[in-house]
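**Student:** Have a peek at structure11.cif (mmCIF, C-alpha atoms and all ligand atoms).
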data_input
loop_
_atom_site.label_atom_id
_atom_site.label_comp_id
_atom_site.auth_asym_id
_atom_site.auth_seq_id
_atom_site.Cartn_x
_atom_site.Cartn_y
_atom_site.Cartn_z
CA MET A 1 -11.03 5.46 38.60
CA GLU A 2 -9.35 2.09 39.13
CA PRO A 3 -7.72 0.65 36.01
CA ARG A 4 -9.68 -2.18 34.50
CA GLN A 5 -7.93 -5.24 33.15
CA VAL A 6 -8.54 -6.14 29.52
CA ASN A 7 -7.19 -9.47 28.31
CA ILE A 8 -5.92 -9.96 24.82
CA GLY A 9 -4.98 -13.07 22.86
CA ILE A 10 -2.45 -12.74 20.05
CA LEU A 11 -2.72 -15.11 17.09
CA GLY A 12 0.60 -15.29 15.23
CA PHE A 13 3.89 -14.37 16.82
CA GLY A 14 5.87 -13.21 13.78
CA VAL A 15 7.23 -9.75 13.05
CA VAL A 16 4.03 -7.82 13.85
CA GLY A 17 2.83 -9.99 16.77
CA GLY A 18 6.31 -9.83 18.27
CA GLY A 19 6.48 -6.03 17.84
CA LEU A 20 3.09 -5.62 19.52
CA TYR A 21 4.13 -7.81 22.44
CA ARG A 22 7.41 -5.93 22.98
CA LEU A 23 5.70 -2.56 22.82
CA LEU A 24 3.00 -3.54 25.32
CA LEU A 25 5.72 -4.84 27.68
CA LYS A 26 7.77 -1.69 27.34
CA ASN A 27 4.98 0.91 27.50
CA GLY A 28 2.24 -0.98 29.36
CA GLU A 29 2.42 1.13 32.53
CA GLU A 30 2.27 4.39 30.61
CA ILE A 31 -0.66 3.09 28.56
CA GLU A 32 -2.44 2.14 31.78
CA ARG A 33 -1.91 5.60 33.30
CA ARG A 34 -3.25 7.29 30.20
CA THR A 35 -6.19 5.02 29.42
CA ARG A 36 -7.13 3.32 32.72
CA ALA A 37 -6.92 0.03 30.81
CA ARG A 38 -4.51 -2.61 32.08
CA ILE A 39 -3.90 -4.51 28.88
CA ARG A 40 -2.69 -8.00 29.67
CA VAL A 41 -1.48 -10.45 27.06
CA ALA A 42 -3.28 -13.57 28.30
CA LYS A 43 -2.35 -15.97 25.47
CA VAL A 44 -0.11 -16.02 22.42
CA ALA A 45 -0.68 -18.67 19.76
CA ASP A 46 1.70 -19.70 17.01
CA VAL A 47 2.21 -22.87 15.00
CA GLU A 48 5.54 -23.57 16.69
CA TRP A 49 7.74 -22.16 19.44
CA GLN A 50 11.19 -23.45 18.38
CA ARG A 51 12.18 -20.52 16.16
CA GLU A 52 14.36 -17.86 17.73
CA ARG A 53 12.63 -14.53 18.38
CA PRO A 54 13.84 -11.26 19.95
CA THR A 55 11.36 -11.55 22.85
CA TYR A 56 9.69 -14.72 23.99
CA PRO A 57 6.41 -14.75 25.95
CA PRO A 58 6.56 -16.87 29.14
CA ALA A 59 5.74 -20.56 28.71
CA GLU A 60 2.42 -20.31 30.59
CA ILE A 61 0.89 -17.99 27.99
CA ARG A 62 2.32 -19.71 24.89
CA THR A 63 0.14 -22.10 22.97
CA THR A 64 -0.18 -23.71 19.55
CA ASP A 65 -3.98 -23.89 19.82
CA ALA A 66 -5.36 -20.69 18.29
CA LEU A 67 -8.98 -21.82 18.56
CA ALA A 68 -8.60 -22.29 22.31
CA VAL A 69 -7.49 -18.64 22.55
CA ILE A 70 -10.67 -17.51 20.83
CA GLN A 71 -12.81 -19.76 23.02
CA ASP A 72 -11.13 -18.68 26.27
CA PRO A 73 -13.87 -16.70 28.09
CA ARG A 74 -11.28 -14.49 29.83
CA ILE A 75 -10.06 -13.06 26.51
CA ASP A 76 -11.76 -9.82 25.49
CA ILE A 77 -9.81 -8.91 22.35
CA VAL A 78 -8.32 -11.21 19.71
CA VAL A 79 -5.36 -9.82 17.75
CA GLU A 80 -4.71 -11.52 14.42
CA THR A 81 -1.21 -11.06 12.97
CA ILE A 82 -0.94 -14.30 11.00
CA GLY A 83 -1.65 -12.78 7.58
CA GLY A 84 -3.21 -14.19 4.42
CA VAL A 85 -6.72 -15.47 3.86
CA GLY A 86 -6.35 -19.09 4.94
CA VAL A 87 -6.42 -19.97 8.61
CA ALA A 88 -6.38 -16.28 9.63
CA LEU A 89 -9.76 -15.69 8.01
CA ASP A 90 -11.36 -18.70 9.70
CA LEU A 91 -9.99 -17.62 13.06
CA VAL A 92 -11.19 -14.02 12.69
CA ARG A 93 -14.65 -15.21 11.66
CA ALA A 94 -14.74 -17.47 14.72
CA ALA A 95 -13.55 -14.70 17.04
CA LEU A 96 -16.18 -12.21 15.81
CA ALA A 97 -18.90 -14.83 16.01
CA ALA A 98 -17.79 -15.56 19.59
CA GLY A 99 -18.34 -11.89 20.48
CA LYS A 100 -14.68 -10.84 20.74
CA SER A 101 -13.44 -7.53 19.41
CA VAL A 102 -10.79 -8.17 16.75
CA VAL A 103 -7.69 -6.21 15.81
CA THR A 104 -5.83 -7.28 12.68
CA SER A 105 -2.97 -6.10 10.48
CA ASN A 106 -4.06 -8.38 7.64
CA LYS A 107 -4.45 -6.25 4.50
CA GLU A 108 -5.30 -9.12 2.17
CA MET A 109 -8.08 -10.32 4.48
CA ILE A 110 -9.60 -6.85 4.91
CA ALA A 111 -9.27 -6.03 1.18
CA LYS A 112 -10.94 -9.27 0.09
CA HIS A 113 -13.31 -10.14 2.96
CA GLY A 114 -13.80 -6.86 4.79
CA ALA A 115 -17.51 -6.61 3.93
CA GLU A 116 -18.34 -10.01 5.39
CA LEU A 117 -16.20 -9.44 8.48
CA PHE A 118 -17.80 -6.06 9.17
CA ASP A 119 -21.25 -7.63 8.94
CA LEU A 120 -20.14 -10.26 11.45
CA ALA A 121 -18.72 -7.60 13.78
CA ALA A 122 -21.94 -5.56 13.55
CA ALA A 123 -24.07 -8.64 14.26
CA SER A 124 -21.99 -9.37 17.37
CA GLY A 125 -21.77 -5.72 18.44
CA VAL A 126 -17.97 -5.79 18.62
CA ASP A 127 -15.08 -3.81 17.15
CA LEU A 128 -13.03 -4.74 14.10
CA PHE A 129 -9.96 -2.53 13.76
CA PHE A 130 -7.18 -2.76 11.15
CA GLU A 131 -4.92 0.28 11.37
CA GLY A 132 -1.81 -1.91 10.86
CA ALA A 133 -3.08 -3.13 7.47
CA VAL A 134 -2.08 0.01 5.54
CA GLY A 135 1.04 2.09 5.94
CA GLY A 136 2.50 0.42 9.06
CA ALA A 137 2.82 3.09 11.75
CA ILE A 138 1.00 5.75 9.72
CA PRO A 139 -2.43 6.38 11.31
CA ILE A 140 -4.19 6.57 7.96
CA ILE A 141 -7.23 4.41 8.67
CA ARG A 142 -8.35 6.35 11.73
CA ALA A 143 -7.54 9.64 10.00
CA LEU A 144 -9.77 8.76 7.06
CA LYS A 145 -12.54 7.15 9.11
CA GLU A 146 -12.74 9.77 11.83
CA SER A 147 -10.53 12.87 11.65
CA LEU A 148 -11.24 13.68 7.99
CA GLU A 149 -14.79 12.35 7.98
CA ALA A 150 -16.39 15.74 7.42
CA SER A 151 -14.59 16.27 4.12
CA HIS A 152 -15.68 14.80 0.80
CA LEU A 153 -12.44 13.14 -0.29
CA ASP A 154 -11.75 12.94 -4.02
CA LEU A 155 -8.14 11.77 -4.18
CA VAL A 156 -6.02 9.20 -2.36
CA LEU A 157 -2.48 8.85 -3.59
CA GLY A 158 0.02 6.72 -1.77
CA ILE A 159 3.40 5.14 -1.64
CA VAL A 160 2.15 2.17 0.36
CA ASN A 161 4.78 -0.47 -0.32
CA GLY A 162 8.12 -0.02 1.41
CA THR A 163 9.95 -2.81 -0.43
CA THR A 164 9.41 -1.30 -3.86
CA ASN A 165 10.10 2.23 -2.64
CA TYR A 166 13.38 0.97 -1.15
CA ILE A 167 14.33 -0.74 -4.43
CA LEU A 168 13.43 2.28 -6.59
CA THR A 169 15.30 4.63 -4.26
CA ARG A 170 18.47 2.50 -4.44
CA MET A 171 18.14 2.15 -8.23
CA MET A 172 17.84 5.94 -8.55
CA GLU A 173 20.58 6.88 -6.13
CA GLU A 174 23.08 4.23 -7.28
CA GLY A 175 22.16 3.78 -10.97
CA ARG A 176 21.84 0.02 -10.49
CA PRO A 177 19.43 -2.37 -12.25
CA PHE A 178 16.31 -3.83 -10.66
CA GLU A 179 17.49 -7.46 -10.35
CA GLU A 180 20.73 -6.47 -8.63
CA VAL A 181 19.03 -4.20 -6.09
CA LEU A 182 16.29 -6.76 -5.46
CA ALA A 183 18.86 -9.48 -4.74
CA GLU A 184 20.64 -7.17 -2.30
CA ALA A 185 17.34 -6.18 -0.64
CA GLN A 186 16.57 -9.88 -0.16
CA ARG A 187 20.00 -10.49 1.40
CA LEU A 188 19.46 -7.55 3.78
CA GLY A 189 15.93 -8.67 4.72
CA TYR A 190 14.18 -5.69 3.08
CA ALA A 191 12.51 -7.95 0.50
CA GLU A 192 10.91 -11.37 0.92
CA ALA A 193 12.47 -14.50 -0.60
CA ASP A 194 9.36 -14.54 -2.83
CA PRO A 195 9.07 -10.85 -3.74
CA THR A 196 6.03 -11.22 -6.01
CA ALA A 197 3.43 -9.59 -3.76
CA ASP A 198 5.59 -6.51 -3.34
CA VAL A 199 7.33 -6.02 -6.70
CA ASP A 200 4.30 -6.90 -8.81
CA GLY A 201 2.11 -4.41 -6.95
CA LEU A 202 -0.28 -6.93 -5.32
CA ASP A 203 0.43 -5.73 -1.78
CA ALA A 204 -0.19 -2.12 -2.83
CA ARG A 205 -3.38 -3.23 -4.62
CA ASN A 206 -4.81 -4.72 -1.42
CA LYS A 207 -3.99 -1.52 0.42
CA LEU A 208 -5.61 0.62 -2.29
CA ALA A 209 -8.82 -1.44 -2.09
CA ILE A 210 -8.90 -0.70 1.64
CA LEU A 211 -8.15 3.02 1.14
CA CYS A 212 -10.93 3.25 -1.48
CA ALA A 213 -13.41 1.70 0.93
CA ILE A 214 -12.45 4.06 3.75
CA ALA A 215 -11.85 7.29 1.84
CA PHE A 216 -14.68 7.04 -0.69
CA GLY A 217 -17.04 4.57 0.99
CA LEU A 218 -16.82 2.38 -2.12
CA ARG A 219 -16.09 -1.31 -2.10
CA ALA A 220 -13.85 -2.43 -4.98
CA SER A 221 -12.72 -5.96 -5.75
CA VAL A 222 -8.95 -6.20 -5.99
CA GLU A 223 -9.35 -7.67 -9.49
CA SER A 224 -10.94 -4.41 -10.66
CA ILE A 225 -7.78 -2.45 -9.83
CA HIS A 226 -5.38 -1.98 -12.75
CA THR A 227 -2.05 -3.17 -11.34
CA GLU A 228 1.53 -3.01 -12.63
CA GLY A 229 4.70 -3.61 -10.64
CA ILE A 230 8.23 -2.31 -10.96
CA ARG A 231 10.09 -5.19 -12.65
CA SER A 232 10.29 -3.35 -15.99
CA ILE A 233 11.75 -0.11 -14.60
CA THR A 234 15.31 0.42 -15.86
CA PRO A 235 18.14 2.72 -14.78
CA THR A 236 17.86 4.32 -18.23
CA ASP A 237 14.27 5.44 -17.57
CA ILE A 238 15.14 6.60 -14.08
CA GLN A 239 17.92 8.70 -15.55
CA TYR A 240 15.72 10.26 -18.25
CA ALA A 241 13.04 10.92 -15.64
CA GLN A 242 15.56 12.69 -13.44
CA GLN A 243 16.76 14.82 -16.35
CA MET A 244 13.16 15.92 -16.90
CA GLY A 245 12.61 16.75 -13.21
CA TYR A 246 10.87 13.57 -12.02
CA VAL A 247 11.48 10.58 -9.78
CA ILE A 248 9.89 7.18 -10.39
CA LYS A 249 7.64 5.82 -7.63
CA LEU A 250 5.18 2.94 -7.36
CA LEU A 251 1.90 4.75 -6.72
CA ALA A 252 -1.48 3.55 -5.53
CA LEU A 253 -4.04 6.02 -6.84
CA GLY A 254 -7.75 6.40 -6.18
CA ARG A 255 -9.67 9.31 -7.68
CA ARG A 256 -13.38 9.98 -7.61
CA HIS A 257 -15.16 11.04 -10.80
CA ASP A 258 -18.91 11.64 -11.13
CA GLY A 259 -20.30 8.38 -9.81
CA ARG A 260 -17.23 6.41 -10.82
CA VAL A 261 -13.78 5.84 -9.40
CA GLU A 262 -10.34 5.53 -10.92
CA LEU A 263 -8.21 2.93 -9.17
CA ARG A 264 -4.71 1.97 -10.25
CA VAL A 265 -1.36 0.78 -8.96
CA HIS A 266 1.63 1.36 -11.21
CA PRO A 267 5.01 3.07 -11.39
CA ALA A 268 4.79 6.75 -12.29
CA LEU A 269 7.01 9.73 -12.94
CA VAL A 270 6.37 12.00 -9.96
CA PRO A 271 7.37 15.68 -10.25
CA ARG A 272 10.31 16.39 -7.97
CA ASN A 273 8.35 19.19 -6.26
CA HIS A 274 5.49 16.88 -5.23
CA PRO A 275 5.64 15.94 -1.51
CA LEU A 276 5.55 12.22 -2.45
CA ALA A 277 8.79 12.58 -4.45
CA SER A 278 10.80 13.04 -1.26
CA VAL A 279 9.59 9.77 0.31
CA ARG A 280 12.77 7.69 0.23
CA GLY A 281 13.78 4.16 1.15
CA SER A 282 11.29 1.92 2.91
CA PHE A 283 9.11 4.83 4.10
CA ASN A 284 5.45 5.13 3.11
CA ALA A 285 3.24 8.18 2.67
CA VAL A 286 -0.39 8.75 1.82
CA PHE A 287 -1.58 11.99 0.28
CA VAL A 288 -5.30 12.78 0.25
CA HIS A 289 -7.40 15.68 -0.97
CA GLY A 290 -10.85 16.66 0.19
CA ASP A 291 -13.17 19.64 -0.13
CA GLY A 292 -12.84 20.66 3.51
CA CYS A 293 -9.39 19.46 4.52
CA GLY A 294 -7.57 20.38 1.28
CA ASP A 295 -4.27 18.53 0.83
CA VAL A 296 -3.18 16.26 3.69
CA MET A 297 -0.13 14.00 3.69
CA LEU A 298 0.79 11.39 6.31
CA TYR A 299 4.29 9.93 6.32
CA GLY A 300 6.05 7.24 8.31
CA ARG A 301 7.46 3.76 8.51
CA GLY A 302 5.27 1.42 6.50
CA ALA A 303 6.52 -1.90 7.83
CA GLY A 304 8.58 -3.53 10.54
CA ASP A 305 7.93 -4.98 13.97
CA LEU A 306 7.64 -1.89 16.17
CA PRO A 307 6.06 0.49 13.61
CA THR A 308 3.33 -1.97 12.63
CA GLY A 309 3.15 -3.23 16.22
CA ALA A 310 2.51 0.38 17.30
CA ALA A 311 -0.44 0.70 14.91
CA VAL A 312 -1.88 -2.60 16.14
CA ALA A 313 -1.33 -1.57 19.77
CA GLY A 314 -3.21 1.69 19.12
CA ASP A 315 -6.17 -0.36 17.91
CA VAL A 316 -5.94 -2.67 20.92
CA ILE A 317 -6.07 0.36 23.22
CA GLU A 318 -9.09 1.76 21.35
CA ALA A 319 -10.87 -1.60 21.54
CA ALA A 320 -10.04 -1.78 25.25
CA ARG A 321 -11.43 1.73 25.84
CA ASN A 322 -14.65 0.74 24.10
CA ILE A 323 -14.95 -2.34 26.30
CA ILE A 324 -14.37 -0.28 29.46
CA ASN A 325 -16.90 2.34 28.37
CA ASN A 326 -19.41 -0.19 27.15
CA CYS A 327 -19.48 1.21 23.63
CA ARG A 328 -18.15 -1.56 21.46
CA GLY A 329 -19.14 -1.57 17.78
CA ARG A 330 -19.24 2.24 17.65
CA VAL A 331 -17.21 2.63 14.42
CA LEU A 332 -19.10 0.85 11.67
CA CYS A 333 -18.24 -0.14 8.14
CA THR A 334 -17.92 2.99 6.00
CA CYS A 335 -18.87 1.42 2.65
CA MET A 336 -22.06 2.69 1.03
CA ALA A 337 -21.88 1.01 -2.39
CA ASP A 338 -19.83 -1.11 -4.75
CA ALA A 339 -17.25 0.87 -6.71
CA ASP A 340 -17.98 1.51 -10.38
CA VAL A 341 -14.39 1.40 -11.58
CA LEU A 342 -13.44 3.51 -14.59
CA PRO A 343 -12.16 1.26 -17.43
CA ASN A 344 -8.48 1.75 -18.04
CA GLU A 345 -8.92 3.08 -21.58
CA GLU A 346 -10.93 5.98 -20.17
CA VAL A 347 -8.31 6.95 -17.59
CA VAL A 348 -6.78 10.27 -18.60
CA THR A 349 -3.06 10.59 -18.00
CA SER A 350 0.11 11.95 -19.42
CA THR A 351 2.65 9.24 -20.36
CA TYR A 352 6.41 8.89 -20.77
CA LEU A 353 7.45 6.71 -23.72
CA ARG A 354 10.81 5.42 -24.86
CA LEU A 355 11.04 4.04 -28.38
CA ARG A 356 13.94 2.45 -30.22
CA VAL A 357 13.72 3.31 -33.90
CA ALA A 358 15.74 3.13 -37.12
CA ASP A 359 17.86 6.25 -37.49
CA ARG A 360 16.54 7.29 -40.91
CA PRO A 361 14.91 10.41 -42.35
CA GLY A 362 11.13 10.61 -41.88
CA VAL A 363 10.87 8.29 -38.89
CA LEU A 364 9.82 10.98 -36.45
CA GLY A 365 7.23 12.20 -38.97
CA LYS A 366 5.59 8.77 -39.22
CA ILE A 367 5.43 8.46 -35.45
CA ALA A 368 4.03 11.97 -35.03
CA THR A 369 1.34 11.20 -37.64
CA ALA A 370 0.24 8.07 -35.73
CA PHE A 371 -0.06 10.08 -32.52
CA GLY A 372 -1.99 12.85 -34.29
CA GLU A 373 -4.43 10.41 -35.92
CA ALA A 374 -5.22 8.85 -32.53
CA GLY A 375 -5.76 12.25 -30.92
CA VAL A 376 -2.61 12.13 -28.79
CA SER A 377 -0.68 15.36 -28.41
CA LEU A 378 3.00 15.40 -27.49
CA ALA A 379 4.37 17.65 -24.75
CA SER A 380 8.06 16.95 -25.38
CA VAL A 381 10.31 14.87 -27.63
CA ILE A 382 14.01 14.12 -27.25
CA GLN A 383 15.96 12.09 -29.78
CA LEU A 384 19.28 10.49 -28.93
CA ASP A 385 21.48 8.42 -31.20
CA THR A 386 22.53 5.10 -29.71
CA ASP A 387 24.59 3.90 -32.71
CA HIS A 388 24.71 4.58 -36.46
CA HIS A 389 21.52 2.65 -37.18
CA THR A 390 19.36 3.12 -34.11
CA ALA A 391 18.01 6.13 -32.31
CA GLU A 392 16.17 6.35 -29.05
CA ILE A 393 13.19 8.67 -28.83
CA VAL A 394 11.93 9.76 -25.43
CA MET A 395 8.53 11.42 -25.45
CA VAL A 396 6.04 12.73 -22.94
CA THR A 397 2.42 13.03 -24.06
CA HIS A 398 -0.10 15.58 -22.90
CA ALA A 399 -2.86 14.05 -20.78
CA CYS A 400 -5.13 11.89 -22.95
CA PRO A 401 -7.36 8.83 -22.49
CA GLU A 402 -5.25 5.67 -22.26
CA GLY A 403 -7.37 4.16 -25.03
CA HIS A 404 -6.16 6.85 -27.47
CA LEU A 405 -2.57 6.11 -26.55
CA ASP A 406 -3.17 2.35 -26.99
CA THR A 407 -4.43 3.01 -30.53
CA ALA A 408 -1.47 5.25 -31.35
CA LEU A 409 1.06 2.78 -30.00
CA ALA A 410 -0.50 -0.14 -31.86
CA SER A 411 0.06 1.74 -35.14
CA ILE A 412 3.53 2.89 -34.08
CA GLU A 413 4.70 -0.58 -33.09
CA ALA A 414 3.53 -1.88 -36.47
CA LEU A 415 5.81 0.59 -38.33
CA ASP A 416 8.84 -1.17 -39.84
CA VAL A 417 11.10 1.66 -38.66
CA VAL A 418 10.13 1.07 -35.00
CA LYS A 419 12.31 -1.57 -33.34
CA ALA A 420 10.76 -1.56 -29.87
CA LEU A 421 8.55 0.28 -27.44
CA ALA A 422 11.09 0.06 -24.62
CA SER A 423 9.08 1.82 -21.90
CA ARG A 424 5.66 3.24 -21.16
CA ILE A 425 5.29 4.90 -17.76
CA ARG A 426 2.51 7.22 -16.60
CA VAL A 427 3.36 10.76 -15.55
CA MET A 428 1.74 12.41 -12.57
CA GLU A 429 0.53 15.95 -13.06
CA GLN A 430 2.29 18.83 -11.32
CA PRO A 431 0.93 19.55 -7.84
CA ALA A 432 -1.31 22.59 -7.43
CA ASP A 433 0.31 25.47 -5.55
N1 LIG A 501 5.47 -5.88 2.34
C1 LIG A 501 5.03 -4.60 2.76
C2 LIG A 501 5.94 -3.53 2.21
C3 LIG A 501 4.99 -4.42 4.25
O1 LIG A 501 6.98 -3.82 1.61
O2 LIG A 501 5.62 -2.37 2.39
C4 LIG A 501 3.78 -4.94 4.90
O3 LIG A 501 2.61 -4.34 4.44
#
Kindly present the structure from the file in structure tokens form.

**Tutor:**
Amino acid sequence: MEPRQVNIGILGFGVVGGGLYRLLLKNGEEIERRTRARIRVAKVADVEWQRERPTYPPAEIRTTDALAVIQDPRIDIVVETIGGVGVALDLVRAALAAGKSVVTSNKEMIAKHGAELFDLAAASGVDLFFEGAVGGAIPIIRALKESLEASHLDLVLGIVNGTTNYILTRMMEEGRPFEEVLAEAQRLGYAEADPTADVDGLDARNKLAILCAIAFGLRASVESIHTEGIRSITPTDIQYAQQMGYVIKLLALGRRHDGRVELRVHPALVPRNHPLASVRGSFNAVFVHGDGCGDVMLYGRGAGDLPTGAAVAGDVIEAARNIINNCRGRVLCTCMADADVLPNEEVVTSTYLRLRVADRPGVLGKIATAFGEAGVSLASVIQLDTDHHTAEIVMVTHACPEGHLDTALASIEALDVVKALASRIRVMEQPAD
């Protein structure tokens, strides 16, 4: 069979667009031999072409007119790597309406507007692929949508933000505070100049909304996901966690309960023997559990030009195959319903607490009484003297509804002997053997 040419237009020539372009240049012949698709980059659009980049497309395919790329009848597939929900969203809507298959790495757009975009794709009978939106090179979207489709999945647990995992790893391994490691990560290009989306958990939240839709078939608004970042994590807590056999990770967790779903992004103490505990630096991993497949974990580089470019290129190849075989629009939206998200106070978890208290007789008794009255049971308590007047109490609760813990802590913080609730971090249960 003669290879068939498939033309693509790339919108946005930043890190991901550039990685995709370089990879298609480097491996294009091999891709053609394997797939019988000659994937040709016909146009690349960006707002400007002055900035220095590792690889530059030739002048004849460069443009600043993204709309013209979409309207070009020769272009079969539009690749969107601009990001955000401004111009990118308008362009993707226009491309789908014009009957082009679309490949995107835009997690915010898929998390917030996926439903509408899938309806548009279905109406036009084209593909909408987004493997690069979650976990960079990790093939999690296709795994959940296709390979694991026969299993009823009940848990998705991921380290899906490389910046925060890098920062927490450096804090743990070097005993340094958050601000210092963040500043260094920014200097080295591991963190953005504005780190908000990463360190406050918003990036992970978008990715969790997507994972929930794919793994559980439930559409959740990002606002319904309880989200905490890592700014309040201190070397002191990391050290206590290590002494107790845990590492601290920013987790994105989705768990199905009868008819409802638990969705949260927050730092957590992860048992050192859990496979996610060994995910270091800027790597990502997603752990899922289902009735058929059991435990599955996928691990890899969650960001960067070539890793994310590789995920996008995989989607481009799949879209090209579907064009060649006349079967576009084969993989439909997986969502069946809106997610009924469990309120936070009903979420059951074990929690690590660090309290600063007056070092006087009876203090521990008062605290224990408040826990008991709220129905919170303690798994362990360590008391350390910091000076003659203050003691630090580190406690881990047994699993209980968060609402019970809120009640207990409200009473405890009101005690005159309690100087501060210094930390409250959830603890992940031990993995099953
Ligand atoms: N900012 C993301 C991260 C990479 O730090 O993992 C792109 O999703």

**Student:** Write out as JSON lines a residue-level contact list of chain A versus ligand LIG 501 (chain A) with cut-off 8 Å: for each qualifying residue the closest pair of atoms and the distance in Å to one decimal, counting all atoms listed in the file, rows sorted by chain and residue number upward.

**Tutor:**
{"residue": "A:Lys107", "atom": "CA", "partner": "A:LIG501", "partner_atom": "O3", "distance": 7.3}
{"residue": "A:Ala133", "atom": "CA", "partner": "A:LIG501", "partner_atom": "O3", "distance": 6.6}
{"residue": "A:Val134", "atom": "CA", "partner": "A:LIG501", "partner_atom": "O3", "distance": 6.5}
{"residue": "A:Gly135", "atom": "CA", "partner": "A:LIG501", "partner_atom": "O3", "distance": 6.8}
{"residue": "A:Gly136", "atom": "CA", "partner": "A:LIG501", "partner_atom": "O3", "distance": 6.6}
{"residue": "A:Val160", "atom": "CA", "partner": "A:LIG501", "partner_atom": "O2", "distance": 6.1}
{"residue": "A:Asn161", "atom": "CA", "partner": "A:LIG501", "partner_atom": "O2", "distance": 3.4}
{"residue": "A:Gly162", "atom": "CA", "partner": "A:LIG501", "partner_atom": "O2", "distance": 3.6}
{"residue": "A:Thr163", "atom": "CA", "partner": "A:LIG501", "partner_atom": "O1", "distance": 3.7}
{"residue": "A:Thr164", "atom": "CA", "partner": "A:LIG501", "partner_atom": "O1", "distance": 6.5}
{"residue": "A:Tyr190", "atom": "CA", "partner": "A:LIG501", "partner_atom": "O1", "distance": 7.6}
{"residue": "A:Ala191", "atom": "CA", "partner": "A:LIG501", "partner_atom": "O1", "distance": 7.0}
{"residue": "A:Glu192", "atom": "CA", "partner": "A:LIG501", "partner_atom": "N1", "distance": 7.9}
{"residue": "A:Ala197", "atom": "CA", "partner": "A:LIG501", "partner_atom": "N1", "distance": 7.4}
{"residue": "A:Asp198", "atom": "CA", "partner": "A:LIG501", "partner_atom": "N1", "distance": 5.7}
{"residue": "A:Asp203", "atom": "CA", "partner": "A:LIG501", "partner_atom": "N1", "distance": 6.5}
{"residue": "A:Ala204", "atom": "CA", "partner": "A:LIG501", "partner_atom": "O2", "distance": 7.8}
{"residue": "A:Ser282", "atom": "CA", "partner": "A:LIG501", "partner_atom": "O2", "distance": 7.1}
{"residue": "A:Asn284", "atom": "CA", "partner": "A:LIG501", "partner_atom": "O2", "distance": 7.5}
{"residue": "A:Gly302", "atom": "CA", "partner": "A:LIG501", "partner_atom": "O2", "distance": 5.6}
{"residue": "A:Ala303", "atom": "CA", "partner": "A:LIG501", "partner_atom": "C3", "distance": 4.6}
{"residue": "A:Gly304", "atom": "CA", "partner": "A:LIG501", "partner_atom": "C3", "distance": 7.3}

**Student:** Pick out the closest residue to Val418 in chain A from this set: A:Ala399, A:Val363, A:Ile8, A:Val394. Count all atoms listed in the file.

**Tutor:** A:Val363

**Student:** Please list as a VMD selection string every residue within 6 Å of range 320-328 of chain A, counting all atoms listed in the file and excluding residues in the same chain fewer than 2 positions away.

**Tutor:** chain A and resid 126 to 127 317 to 318 330

**Student:** Could you check which residues have any atom within 9 Å of (-10.9, -3.8, 31.9), counting only C-alpha atoms with coordinates taken straight from the file, and then list them as a list in words?

**Tutor:** Pro3, Arg4, Gln5, Val6, Asn7, Arg36, Ala37, Arg38, Ile39, Asp76, Ala320, Arg321, Ile323 and Ile324 of chain A

**Student:** May I have the residues within 10 Å of Val312 in chain A as a compact mmCIF listing (two decimals) with C-alpha atoms, in the coordinates of the input, using all atoms listed in the file and disregarding those fewer than 3 positions away in the same chain?

**Tutor:**
# COMPACT_ATOMS: atom_id res chain seq x y z
CA VAL A 16 4.03 -7.82 13.85
CA GLY A 17 2.83 -9.99 16.77
CA GLY A 19 6.48 -6.03 17.84
CA LEU A 20 3.09 -5.62 19.52
CA VAL A 79 -5.36 -9.82 17.75
CA GLU A 80 -4.71 -11.52 14.42
CA THR A 81 -1.21 -11.06 12.97
CA VAL A 103 -7.69 -6.21 15.81
CA THR A 104 -5.83 -7.28 12.68
CA SER A 105 -2.97 -6.10 10.48
CA PHE A 129 -9.96 -2.53 13.76
CA PHE A 130 -7.18 -2.76 11.15
CA GLU A 131 -4.92 0.28 11.37
CA GLY A 132 -1.81 -1.91 10.86
CA ALA A 133 -3.08 -3.13 7.47
CA GLY A 136 2.50 0.42 9.06
CA ALA A 137 2.82 3.09 11.75
CA LEU A 306 7.64 -1.89 16.17
CA PRO A 307 6.06 0.49 13.61
CA THR A 308 3.33 -1.97 12.63
CA GLY A 309 3.15 -3.23 16.22
CA ASP A 315 -6.17 -0.36 17.91
CA VAL A 316 -5.94 -2.67 20.92
CA ILE A 317 -6.07 0.36 23.22
CA GLU A 318 -9.09 1.76 21.35

**Student:** Which residues of range 60-82 of chain A sit at most 10 Å from range 89-99 of chain A, using all atoms listed in the file? Give each one's shortest atom pair and distance in Å (one decimal place), in chain and ascending residue order, as a Markdown table.

**Tutor:**
| residue | atom | partner | partner_atom | distance |
| --- | --- | --- | --- | --- |
| A:Ala66 | CA | A:Leu91 | CA | 7.6 |
| A:Leu67 | CA | A:Leu91 | CA | 7.0 |
| A:Val69 | CA | A:Ala95 | CA | 9.1 |
| A:Ile70 | CA | A:Ala95 | CA | 5.5 |
| A:Gln71 | CA | A:Ala98 | CA | 7.4 |
| A:Asp72 | CA | A:Ala98 | CA | 9.9 |
| A:Pro73 | CA | A:Ala98 | CA | 9.4 |
| A:Asp76 | CA | A:Gly99 | CA | 8.5 |
| A:Ile77 | CA | A:Ala95 | CA | 8.7 |
| A:Val78 | CA | A:Ala95 | CA | 6.8 |
| A:Val79 | CA | A:Val92 | CA | 8.8 |
| A:Glu80 | CA | A:Val92 | CA | 7.2 |
| A:Ile82 | CA | A:Leu89 | CA | 9.4 |

**Student:** Would you kindly return, as a ChimeraX atom specification, each protein, DNA or RNA residue with an atom no farther than 7 Å from any atom of range 223-233 of chain A, considering all atoms listed in the file and excluding same-chain residues fewer than 4 positions away?

**Tutor:** /A:178,199-201,205,237,263-267,341
